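Everything below concerns the one structure shown next.
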Amino acid sequence: MWYKTLCFGFFGILFAYCIYLPLPENVEEPWKVRFIDGVIKMTSLVATLFEEIGLMKYDDVFLTSTSVFLTKPVSDENITVIDTNFSDIPVRLYLPKKKSEILRPAIIYLHGGAFVLGSCKIQPYDDLNRWTANKLDAVVVGIEYRLAPQYKFPAALEDCVLVVKFFLQDKILEKYGVDPARICISGDSSGATLAAAATQLLQSNSEYKDKIKAQALLYPGLQYIDSLMPSYQDYEYGPILSRKMTFKLAMLYLSEDTALKEAILRNEHMPEGSRHLFKFVNWSDFLPDKYKKNHIYTEPVLGKLKASYPALLDSRLSPLLDSDSQLQSLPLTYILTCEHDIVRDDGFIYVARLRNVGVQVTHDHIEDGIHGALTFTIAPTYLHLGLRIRDKYINWLEKNL
Ligand SMILES: *[C@@H]1O[C@H](CO)[C@@H](O)[C@H](O)[C@H]1NC(C)=O
Ligand SMILES: *[C@@H]1O[C@H](CO)[C@@H](O)[C@H](O)[C@H]1NC(C)=O
Ligand SMILES: *[C@@H]1O[C@H](CO)[C@@H](O)[C@H](O)[C@H]1NC(C)=O
């Protein structure tokens with residue numbers, strides 16, 4: 001018995017430690033947020049421990065703990081839900097049942113999870129995509145793209161682009177009754193990174209140019225150049241997404257070499273000869289003044305990392321690396337950012353850069369928002385904030401798609 005007591009005691013203390021964190025004052029439902037944040041921090045601690053003693057890999061601990069939320073494709077009175085493949089890539093389709101006189105809009109949704117976790121089939125995304133299909137009388141496609149570390153950059157993006165190209169075929173749009181002029185690519189967090197990159201790739205391809213009407217990016221991460229932007233410093237310990245956990249997971253998309261993760265945490269990961277890229281993500285040029293104060297711009301340090309990772313110079317990983325002339329042709333854009341979020345500044349910079357070149361952008365900034373809220377919309381971690389974000393996004397689609 002003693003070891004059980006010890007275990008409980010140990011986890012009790014650990015949990016108390018994890019939920020003892022000062023939250024920003026305006027966060028809604030603070031105790032629920034503390035609880036979620038505590039669970040995530042504790043998972044991260046346990047995962048680190050398990051990895052240290054060689055029991056399980058860091059990312060596998062997270063993967064196992066999220067897989068309990070997987071759902072089967074269950075149709076309801078309004079929506080037919082089907083798991084199938086597009087170009088050999090698994091997708092989940094949401095097809096409204098009622099007859100429609102007109103062709104329907106379509107939303108292609110890319111889930112978040114730092115390129116390592118998640119699935120379009122976990123309950124929060126299944127709920128969101130079903131809700132979207134219902135609310136907008138739209139066809140929704142959730143893509144089960146391949147995950148890291150097993151599949152490295154640019155596997156996830158390649159899968160997403162392949163699915164979109166498959167879907168855009170006339171015969172497929174016809175089959176599902178989709179209006180070719182009303183197609184949006186959406187995503188949250190790393191799914192929004194993929195959505196932004198996919199939209200850029202399609203738009204720069206003459207065969208697909210202007211086939212996507214809109215992109216919707218929900219608290220997107222958009223760059224891996226500067227890991228010390230103001231939001232990365234101000235929200236280093238979360239809530240929800242800590243700087244360490246973010247890079248520990250996301251860098252698995254490039255490599256399992258821990259030197260990379262450690263270098264990016266020190267902001268010393270960029271290679272010699274990459275300084276010309278800093279202008280695309282120079283927060284001191286693009287952020288609103290209120291985020292700049294208390295911070296002094298320092299450039300990432302070059303040439304410290306031995307191994308070379310071409311992906312770090314690639315706009316398919318960091319969509320902010322596209323030049324102005326490339327950004328110029330992007331479609332109607334929705335960007336939602338959250339105040340208390342390490343990737344907040346990525347979103348703000350993209351808004352500024354897109355507006356500078358005349359792209360039509362709607363920017364919703366949630367002053368009391370935290371990262372990942374859309375996925376905290378199931379019991380027992382039901383955050384009202386998640387529903388507010390969902391409704392803002394759906395509202396925009398309703399008016400613009
Ligand atoms: C089906 O649609 C109706 C009308 O929009 C709605 O009231 C009902 O809740 C929907 N059913 C489900 C299972 O979502
Ligand atoms: C979809 O493709 C996967 C492999 O990529 C395969 O295992 C699965 O059986 C396929 N499913 C369908 C419905 O064709
Ligand atoms: C970043 O922007 C600031 C302010 O405009 C400027 O002084 C600095 O030289 C820029 N640095 C780089 C590397 O672009």
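Letters A, B, ... mark the chains of the structure tokens in the order given; residue numbers begin at 1 per chain; ligand numbers begin at 1, in order shown.
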(message) Around ligand 2, which protein and nucleic acid residues have at least one atom no more than 8 Å from it, if we count only C-alpha atoms and all ligand atoms? List them as a ChimeraX atom specification.
(response) /A:83-85,88-90
I need the chosen residues saved as a PDB file, in the first residue's frame, with all heavy atoms.
```pdb
ATOM      1  N   ASP A  83     -15.808   8.342 -43.290  1.00  0.00           N
ATOM      2  CA  ASP A  83     -14.339   8.257 -43.375  1.00  0.00           C
ATOM      3  C   ASP A  83     -13.992   7.626 -44.716  1.00  0.00           C
ATOM      4  O   ASP A  83     -14.474   6.546 -45.039  1.00  0.00           O
ATOM      5  CB  ASP A  83     -13.782   7.381 -42.248  1.00  0.00           C
ATOM      6  CG  ASP A  83     -13.731   8.119 -40.922  1.00  0.00           C
ATOM      7  OD1 ASP A  83     -13.957   9.346 -40.919  1.00  0.00           O
ATOM      8  OD2 ASP A  83     -13.474   7.473 -39.892  1.00  0.00           O
ATOM      9  N   THR A  84     -13.158   8.312 -45.478  1.00  0.00           N
ATOM     10  CA  THR A  84     -12.738   7.756 -46.758  1.00  0.00           C
ATOM     11  C   THR A  84     -11.337   8.251 -47.065  1.00  0.00           C
ATOM     12  O   THR A  84     -10.659   8.773 -46.179  1.00  0.00           O
ATOM     13  CB  THR A  84     -13.752   8.120 -47.872  1.00  0.00           C
ATOM     14  OG1 THR A  84     -13.323   7.558 -49.108  1.00  0.00           O
ATOM     15  CG2 THR A  84     -13.904   9.614 -48.039  1.00  0.00           C
ATOM     16  N   ASN A  85     -10.870   8.020 -48.282  1.00  0.00           N
ATOM     17  CA  ASN A  85      -9.539   8.479 -48.667  1.00  0.00           C
ATOM     18  C   ASN A  85      -9.639   9.401 -49.868  1.00  0.00           C
ATOM     19  O   ASN A  85     -10.392   9.122 -50.791  1.00  0.00           O
ATOM     20  CB  ASN A  85      -8.655   7.286 -49.084  1.00  0.00           C
ATOM     21  CG  ASN A  85      -8.192   6.465 -47.900  1.00  0.00           C
ATOM     22  OD1 ASN A  85      -8.243   6.921 -46.765  1.00  0.00           O
ATOM     23  ND2 ASN A  85      -7.744   5.260 -48.173  1.00  0.00           N
ATOM     24  N   ASP A  88      -5.424   8.591 -51.489  1.00  0.00           N
ATOM     25  CA  ASP A  88      -4.813   7.676 -50.498  1.00  0.00           C
ATOM     26  C   ASP A  88      -4.574   8.303 -49.132  1.00  0.00           C
ATOM     27  O   ASP A  88      -3.920   7.706 -48.277  1.00  0.00           O
ATOM     28  CB  ASP A  88      -3.467   7.108 -51.002  1.00  0.00           C
ATOM     29  CG  ASP A  88      -3.687   6.074 -52.088  1.00  0.00           C
ATOM     30  OD1 ASP A  88      -4.767   5.442 -52.076  1.00  0.00           O
ATOM     31  OD2 ASP A  88      -2.801   5.925 -52.947  1.00  0.00           O
ATOM     32  N   ILE A  89      -5.062   9.497 -48.919  1.00  0.00           N
ATOM     33  CA  ILE A  89      -4.902  10.122 -47.604  1.00  0.00           C
ATOM     34  C   ILE A  89      -6.253  10.101 -46.893  1.00  0.00           C
ATOM     35  O   ILE A  89      -7.267  10.524 -47.473  1.00  0.00           O
ATOM     36  CB  ILE A  89      -4.369  11.560 -47.745  1.00  0.00           C
ATOM     37  CG1 ILE A  89      -2.953  11.489 -48.320  1.00  0.00           C
ATOM     38  CG2 ILE A  89      -4.358  12.296 -46.415  1.00  0.00           C
ATOM     39  CD1 ILE A  89      -2.598  12.625 -49.184  1.00  0.00           C
ATOM     40  N   PRO A  90      -6.294   9.584 -45.671  1.00  0.00           N
ATOM     41  CA  PRO A  90      -7.579   9.490 -44.972  1.00  0.00           C
ATOM     42  C   PRO A  90      -8.197  10.872 -44.713  1.00  0.00           C
ATOM     43  O   PRO A  90      -7.496  11.808 -44.320  1.00  0.00           O
ATOM     44  CB  PRO A  90      -7.228   8.812 -43.645  1.00  0.00           C
ATOM     45  CG  PRO A  90      -5.878   8.208 -43.840  1.00  0.00           C
ATOM     46  CD  PRO A  90      -5.185   9.032 -44.875  1.00  0.00           C
TER      47      PRO A  90
END
```
Enumerate, in order of chain and increasing residue number, the residues of segment 129-204 of chain A with an atom no farther than 10 Å from segment 331-336 of chain A, each with its shortest atom pair and distance in Å to one decimal, counting only C-alpha atoms, as JSON lines.
```
{"residue": "A:Cys184", "atom": "CA", "partner": "A:Leu332", "partner_atom": "CA", "distance": 9.3}
{"residue": "A:Ile185", "atom": "CA", "partner": "A:Thr333", "partner_atom": "CA", "distance": 9.8}
{"residue": "A:Ser186", "atom": "CA", "partner": "A:Tyr334", "partner_atom": "CA", "distance": 9.0}
{"residue": "A:Asp188", "atom": "CA", "partner": "A:Leu336", "partner_atom": "CA", "distance": 9.2}
{"residue": "A:Ala192", "atom": "CA", "partner": "A:Ile335", "partner_atom": "CA", "distance": 9.4}
{"residue": "A:Ala196", "atom": "CA", "partner": "A:Thr333", "partner_atom": "CA", "distance": 9.6}
{"residue": "A:Thr199", "atom": "CA", "partner": "A:Pro331", "partner_atom": "CA", "distance": 8.3}
{"residue": "A:Gln200", "atom": "CA", "partner": "A:Pro331", "partner_atom": "CA", "distance": 9.3}
{"residue": "A:Gln203", "atom": "CA", "partner": "A:Pro331", "partner_atom": "CA", "distance": 8.3}
```
Per-residue nearest contacts of chain A to ligand 1 (8 Å; only C-alpha atoms and all ligand atoms) as JSON lines:
```
{"residue": "A:Asp76", "atom": "CA", "partner": "ligand 1", "partner_atom_place_in_ligand_line": "13 (C)", "distance": 5.3}
{"residue": "A:Glu77", "atom": "CA", "partner": "ligand 1", "partner_atom_place_in_ligand_line": "13 (C)", "distance": 5.7}
{"residue": "A:Asn78", "atom": "CA", "partner": "ligand 1", "partner_atom_place_in_ligand_line": "1 (C)", "distance": 4.9}
{"residue": "A:Ile79", "atom": "CA", "partner": "ligand 1", "partner_atom_place_in_ligand_line": "14 (O)", "distance": 7.8}
{"residue": "A:Arg130", "atom": "CA", "partner": "ligand 1", "partner_atom_place_in_ligand_line": "14 (O)", "distance": 7.7}
{"residue": "A:Trp131", "atom": "CA", "partner": "ligand 1", "partner_atom_place_in_ligand_line": "14 (O)", "distance": 7.1}
{"residue": "A:Asn134", "atom": "CA", "partner": "ligand 1", "partner_atom_place_in_ligand_line": "2 (O)", "distance": 6.6}
{"residue": "A:Lys135", "atom": "CA", "partner": "ligand 1", "partner_atom_place_in_ligand_line": "5 (O)", "distance": 6.9}
```
Can I get the selected residues back with N, CA, C and O atoms, as a PDB file, in the first residue's frame?
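What follows is the written file result.pdb:
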```
ATOM      1  N   ASP A  76     -25.681  11.998 -38.117  1.00  0.00           N
ATOM      2  CA  ASP A  76     -26.840  12.369 -37.296  1.00  0.00           C
ATOM      3  C   ASP A  76     -27.990  12.788 -38.208  1.00  0.00           C
ATOM      4  O   ASP A  76     -27.913  12.618 -39.421  1.00  0.00           O
ATOM      5  N   GLU A  77     -29.024  13.338 -37.623  1.00  0.00           N
ATOM      6  CA  GLU A  77     -30.214  13.669 -38.423  1.00  0.00           C
ATOM      7  C   GLU A  77     -29.911  14.662 -39.552  1.00  0.00           C
ATOM      8  O   GLU A  77     -30.605  14.680 -40.567  1.00  0.00           O
ATOM      9  N   ASN A  78     -28.882  15.491 -39.397  1.00  0.00           N
ATOM     10  CA  ASN A  78     -28.594  16.529 -40.399  1.00  0.00           C
ATOM     11  C   ASN A  78     -27.400  16.223 -41.295  1.00  0.00           C
ATOM     12  O   ASN A  78     -27.339  16.691 -42.420  1.00  0.00           O
ATOM     13  N   ILE A  79     -26.420  15.531 -40.748  1.00  0.00           N
ATOM     14  CA  ILE A  79     -25.130  15.395 -41.432  1.00  0.00           C
ATOM     15  C   ILE A  79     -24.743  13.928 -41.600  1.00  0.00           C
ATOM     16  O   ILE A  79     -24.810  13.146 -40.650  1.00  0.00           O
ATOM     17  N   ARG A 130     -18.622  19.157 -37.641  1.00  0.00           N
ATOM     18  CA  ARG A 130     -20.048  18.848 -37.748  1.00  0.00           C
ATOM     19  C   ARG A 130     -20.863  20.148 -37.591  1.00  0.00           C
ATOM     20  O   ARG A 130     -21.789  20.424 -38.340  1.00  0.00           O
ATOM     21  N   TRP A 131     -20.473  20.923 -36.594  1.00  0.00           N
ATOM     22  CA  TRP A 131     -21.151  22.198 -36.319  1.00  0.00           C
ATOM     23  C   TRP A 131     -21.049  23.117 -37.542  1.00  0.00           C
ATOM     24  O   TRP A 131     -22.019  23.757 -37.952  1.00  0.00           O
ATOM     25  N   ASN A 134     -23.277  21.963 -40.353  1.00  0.00           N
ATOM     26  CA  ASN A 134     -24.662  22.218 -39.998  1.00  0.00           C
ATOM     27  C   ASN A 134     -25.023  23.692 -40.121  1.00  0.00           C
ATOM     28  O   ASN A 134     -26.008  24.071 -40.761  1.00  0.00           O
ATOM     29  N   LYS A 135     -24.198  24.525 -39.487  1.00  0.00           N
ATOM     30  CA  LYS A 135     -24.462  25.956 -39.425  1.00  0.00           C
ATOM     31  C   LYS A 135     -24.433  26.608 -40.803  1.00  0.00           C
ATOM     32  O   LYS A 135     -25.208  27.512 -41.103  1.00  0.00           O
TER      33      LYS A 135
END
```
(request) Residues within 7 Å of ligand 3 should be enumerated using only C-alpha atoms and all ligand atoms and returned as number ranges by chain. (result) A: 275, 278-279, 282, 284-285, 297, 299
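By chain and then residue number, the residues within 9 Å of segment 55-68 of chain A are Ile40, Thr43, Ser44, Val46, Ala47, Thr48, Leu49, Val116, Leu117, Gly118, Ser119, Ile122, Pro149, Lys248, Leu249 and Leu252 of chain A, counting only C-alpha atoms and disregarding those fewer than 6 positions away in sequence.
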Could you write out the selected residues, including C-alpha atoms, as a PDB file, in the first residue's frame?
```pdb
ATOM      1  CA  ILE A  40      -0.929  19.641 -19.610  1.00  0.00           C
ATOM      2  CA  THR A  43       1.659  15.415 -18.731  1.00  0.00           C
ATOM      3  CA  SER A  44       4.726  17.243 -19.944  1.00  0.00           C
ATOM      4  CA  VAL A  46       5.613  12.877 -16.695  1.00  0.00           C
ATOM      5  CA  ALA A  47       6.541  12.647 -20.383  1.00  0.00           C
ATOM      6  CA  THR A  48       9.945  14.161 -19.684  1.00  0.00           C
ATOM      7  CA  LEU A  49      10.434  11.718 -16.816  1.00  0.00           C
ATOM      8  CA  VAL A 116       2.880  15.671 -33.725  1.00  0.00           C
ATOM      9  CA  LEU A 117      -0.498  15.256 -32.044  1.00  0.00           C
ATOM     10  CA  GLY A 118      -4.172  15.307 -32.777  1.00  0.00           C
ATOM     11  CA  SER A 119      -6.494  13.989 -35.432  1.00  0.00           C
ATOM     12  CA  ILE A 122     -10.856  13.572 -31.985  1.00  0.00           C
ATOM     13  CA  PRO A 149       8.177  12.411 -35.729  1.00  0.00           C
ATOM     14  CA  LYS A 248      10.087  20.329 -28.018  1.00  0.00           C
ATOM     15  CA  LEU A 249       7.078  18.991 -29.912  1.00  0.00           C
ATOM     16  CA  LEU A 252      10.140  16.852 -34.048  1.00  0.00           C
TER      17      LEU A 252
END
```
(message) Write out as a PyMOL selection string the set of residues from segment 198-354 of chain A that DSSP, computed on the backbone, places in alpha helix (DSSP H).
(response) chain A and resi 198-203+230-234+243-250+258-265+283-286+289-292+324-327+344-354
With the cut-off set at 10 Å and counting only C-alpha atoms, tabulate each residue of segment 48-132 of chain A with an atom at most that distance from an atom of segment 381-399 of chain A, showing the nearest atom pair and its distance in Å to one decimal, ordered by chain and increasing number, as a Markdown table.
```
| residue | atom | partner | partner_atom | distance |
| --- | --- | --- | --- | --- |
| A:Pro105 | CA | A:Leu397 | CA | 9.7 |
| A:Ile107 | CA | A:Leu397 | CA | 9.2 |
| A:Pro124 | CA | A:Gly386 | CA | 9.9 |
| A:Leu128 | CA | A:Arg390 | CA | 7.7 |
| A:Trp131 | CA | A:Ile394 | CA | 9.0 |
| A:Thr132 | CA | A:Ile394 | CA | 6.8 |
```
(request) Name all residues at most 8 Å from Leu321 of chain A (count only C-alpha atoms; drop same-chain ones fewer than 5 positions away) and give them as a count of residues only. (result) 7
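Closest approach to Pro310 of chain A among A:Glu28, A:Glu272, A:Asp210, A:Asp127 is made by A:Glu272 (distances from only C-alpha atoms).
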(message) Quick check, in Å to one decimal: how far apart do atom CA of Thr377 of chain A and atom CA of Gly38 of chain A lie?
(response)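 If I compute the distance from atom CA of Thr377 of chain A to atom CA of Gly38 of chain A, I get 16.8 Å.
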(request) Could you check how far atom CA of Glu268 of chain A sits from atom CA of Tyr309 of chain A, in Å to one decimal? (result)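 Rounded to one decimal, the two atoms are 12.8 Å apart.
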(message) Report, in Å with one decimal, the straight-line distance from atom CA of Gly113 of chain A to atom CA of Ile366 of chain A.
(response)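 Interatomic distance here is 20.5 Å.
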(request) Name the residues in contact with Leu222 of chain A at a cut-off of 6 Å, using only C-alpha atoms, excluding same-chain residues fewer than 6 positions from it; report them as a PyMOL selection string. (result) chain A and resi 193+318-320+346
Output N, CA and C atoms for every residue in that selection, as a PDB file, in the first residue's frame.
```pdb
ATOM      1  N   THR A 193      -0.815  26.807 -39.554  1.00  0.00           N
ATOM      2  CA  THR A 193       0.457  26.899 -40.276  1.00  0.00           C
ATOM      3  C   THR A 193       0.307  26.169 -41.609  1.00  0.00           C
ATOM      4  N   SER A 318       7.551  28.047 -42.393  1.00  0.00           N
ATOM      5  CA  SER A 318       7.300  29.376 -41.833  1.00  0.00           C
ATOM      6  C   SER A 318       6.654  30.248 -42.905  1.00  0.00           C
ATOM      7  N   PRO A 319       5.329  30.219 -42.997  1.00  0.00           N
ATOM      8  CA  PRO A 319       4.655  30.973 -44.067  1.00  0.00           C
ATOM      9  C   PRO A 319       5.006  32.464 -44.081  1.00  0.00           C
ATOM     10  N   LEU A 320       5.479  32.993 -42.942  1.00  0.00           N
ATOM     11  CA  LEU A 320       5.865  34.408 -42.932  1.00  0.00           C
ATOM     12  C   LEU A 320       7.080  34.690 -43.809  1.00  0.00           C
ATOM     13  N   ASP A 346       3.046  36.035 -34.148  1.00  0.00           N
ATOM     14  CA  ASP A 346       3.043  35.476 -35.510  1.00  0.00           C
ATOM     15  C   ASP A 346       1.799  35.970 -36.257  1.00  0.00           C
TER      16      ASP A 346
END
```
